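Asks: My questions all concern the structure below.
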There are 2 protein chains.
Amino acid sequence: MNFSEQLKDKITHIEGILSEYLPPEEGKQKTVIEAMNYSITAGGKRLRPMLMEETFTMFGGEGDVIKPFMAAIEMIHTYSLVHDDLPALDNDEYRRGKKTTHAVFGEAMGILAGDALLNYAFEVASTAFDIELSPKVAKALQVLSSKSGIYGMIGGQIADIESEGKKVGIDTIEFIHRLKCGALIESSMLIGAILAGASEQEQTLIEQIGADVGYAFQIQDDILDMTSSTEVLGKPVGSDSKNEKSTYVSLKGLEQAKADVAEISARAIDTLDSLPYENPFLKDLINMLINREK
Amino acid sequence: MNFSEQLKDKITHIEGILSEYLPPEEGKQKTVIEAMNYSITAGGKRLRPMLMEETFTMFGGEGDVIKPFMAAIEMIHTYSLVHDDLPALDNDEYRRGKKTTHAVFGEAMGILAGDALLNYAFEVASTAFDIELSPKVAKALQVLSSKSGIYGMIGGQIADIESEGKKVGIDTIEFIHRLKCGALIESSMLIGAILAGASEQEQTLIEQIGADVGYAFQIQDDILDMTSSTEVLGKPVGSDSKNEKSTYVSLKGLEQAKADVAEISARAIDTLDSLPYENPFLKDLINMLINREK
């Protein structure tokens with residue numbers, strides 16, 4: 001099987017796991033559950049649960065304890081998109097070529113469906129203790145919550161919002177990219193390593209790899225926002241400049257941005273290669289993410 | 001010391017614990033942290049952490065493991081108010097006589113500060129595993145997350161939003177009150193009982209007491225919304241009828257609502273009295289909550 005066939009199989013596998021954890025659309029909460037499920041099933045690369053599971057298996061992890069965390073990280077990622085798209089934030093009507101959650105269900109439901117997904121992520125993750133009550137699971141839960149909060153993803157989101165319409169320096173752009181996008185990638189890979197029983201030192205290396213992958217991924221996003229087309233990307237191109245945002249590309253130029261992506265991704269791959277474990281698919285996946293064209 | 005002196009002391013004690021868990025207002029996340037802390041320190045009765053701690057001590061609970069959960073439940077309660085006040089939801093400019101979070105910090109920051117508080121609640125709660133890695137803490141975390149989600153508080157919120165401007169029956173009002181307000185009261189008391197090592201049977205009774213207290217509290221809220229004044233209540237009176245909401249009082253009448261509060265609260269107190277434990281302050285607190293005039 002070539003990489004893209006493998007990738008397709010793994011997405012199907014992950015969507016199977018996700019569907020196990022999605023709440024049934026019934027009861028007086030039906031509408032919000034429909035909105036949650038609409039948001040989650042709207043597609044996407046399932047990158048975070050995939051990185052989590054691939055890191056887990058690379059370190060020899062076995063069993064079901066990873067599953068609730070895979071579902072939880074995708075729920076957290078999804079809620080962040082739902083809230084990011086709201087009129088008071090990015091005010092986007094389309095994402096991945098589909099109507100955004102608030103565009104379909106209304107603004108109030110968009111806010112509440114996001115809240116519901118964030119909360120449900122922790123409901124789902126905390127079921128991992130029914131599988132295994134261990135320091136590993138406790139640490140995984142601490143990583144999940146901290147990397148998605150004010151010192152992680154939300155911190156990046158805040159800095160992003162506050163930088164709109166302002167001239168900001170590359171240090172702020174790096175802060176935003178490392179937190180807003182990078183933190184969940186770090187979280188995914190680190191949780192995979194922790195739950196598989198990786199050593200403290202290995203955890204540190206995986207966290208660095210995750211940080212680099214997330215950062216390079218987001219610089220690539222800025223590059224694609226400049227160079228791709230709406231049709232290929234499934235969202236309006238140039239949306240960053242529409243919102244008067246400084247980007248990595250506007251500050252460092254397209255050529256330097258591309259060179260930086262290459263350097264940062266090479267460092268991530270080198271560090272991965274330095275570990276005494278192998279997962280060729282994980283390596284291909286990281287290369288694909290960083291060099292993707294949409 | 002009389003009850004109101006005790007109450008004042010306990011509020012001070014709880015606010016001391018909360019302040020231990022609030023993030024410092026610094027870094028690029030400064031604004032959102034200011035918004036989080038503004039929301040949390042805007043006052044309120046600290047009812048949920050108080051019920052949690054009093055239930056914990058009633059069952060002989062000792063040690064610090066309760067503290068992160070006390071902070072977490074107040075953060076969850078606070079985030080729910082911040083989001084509830086947003087323009088897309090209740091659109092309230094004032095709460096407890098102070099400007100609401102989005103009125104001070106803007107709508108985007110109101111959404112993100114709410115997200116940040118919800119997420120931080122789980123960050124804080126999961127530090128409890130550093131104090132004690134036990135089935136009790138795992139169960140407390142599961143209760144915390146489930147009672148605040150779609151099958152708890154958020155579920156009530158959704159039903160509430162969807163019932164606006166519609167004629168709904170008493171079963172829907174009961175559903176809303178039991179979930180939107182009651183679920184966090186149940187959560188508070190149940191977590192106190194779990195962490196103190198109460199038996200399964202005792203946990204069930206405490207959950208029923210919490211459910212009754214929360215329900216009676218919310219019916220009393222409907223009563224006060226009809227009968228009190230803006231000055232006493234610190235929020236606009238008649239805001240429910242302004243929003244064209246059916247309430248317990250509009251459906252069952254003022255006298256029946258008062259009689260129901262008395263009946264439900266008597267049941268809660270009777271069940272509390274049936275337990276072989278004593279906490280006179282907890283009993284006074286429950287009586288005060290249900291019979292309050294603001």
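To be explicit about the labels: the chains of the structure tokens are called A, B, and onward in the order shown, and within each one the residues are counted from 1, while ligands get numbers from 1 in the order they are shown.
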Write down, as a list in words, each residue of chain A that has any atom within 6 Å of an atom of chain B, counting only C-alpha atoms.

Replies: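 In the required form, that comes to Gln29, Ala88, Leu89, Ala108, Ala116, Asn119, Glu123, Ser126, Gln142, Ser145, Ser146, Gly149 and Gly155 of chain A.
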
Asks: Could you find all residues in range 25-255 of chain A that DSSP calls strand (DSSP E) from the backbone, and write them as a ChimeraX atom specification?

Replies: /A:94-95,98-99

Asks: Would you mind exporting the chosen residues as an mmCIF file, in the first residue's frame, restricted to C-alpha atoms?

Replies:
data_model
loop_
_atom_site.group_PDB
_atom_site.id
_atom_site.type_symbol
_atom_site.label_atom_id
_atom_site.label_comp_id
_atom_site.auth_asym_id
_atom_site.auth_seq_id
_atom_site.Cartn_x
_atom_site.Cartn_y
_atom_site.Cartn_z
ATOM 1 C CA TYR A 94 -17.261 28.342 5.096
ATOM 2 C CA ARG A 95 -14.607 25.890 6.250
ATOM 3 C CA LYS A 98 -18.803 23.391 3.985
ATOM 4 C CA LYS A 99 -20.931 25.906 5.870
#

Asks: When you draw a straight line from CA of Tyr215 in chain A to CA of Glu15 in chain A, how long is it in Å?

Replies: 25.5 Å

Asks: What does the distance from CA of Lys167 in chain B to CA of Thr247 in chain B come to in Å, to one decimal?

Replies: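 Pair CA of Lys167 in chain B / CA of Thr247 in chain B returns 10.0 Å.
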
Asks: Of the residues A:Leu47, A:Ile170, A:Ile194, A:Val104, which is the one nearest to Leu285 in chain A, using only C-alpha atoms?

Replies: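 When distances to Leu285 in chain A are compared using only C-alpha atoms, the smallest one comes from A:Leu47.
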
Asks: Could you pull the residues within 12 Å of Asn279 in chain B, counting only C-alpha atoms, minus those fewer than 5 positions along the same chain, as a ChimeraX atom specification?

Replies: /B:51,53-60,269,272-273,284-286

Asks: Would you mind reading off the distance between CA of His77 in chain A and CA of Gly165 in chain A, one decimal, in Å?

Replies: 25.3 Å
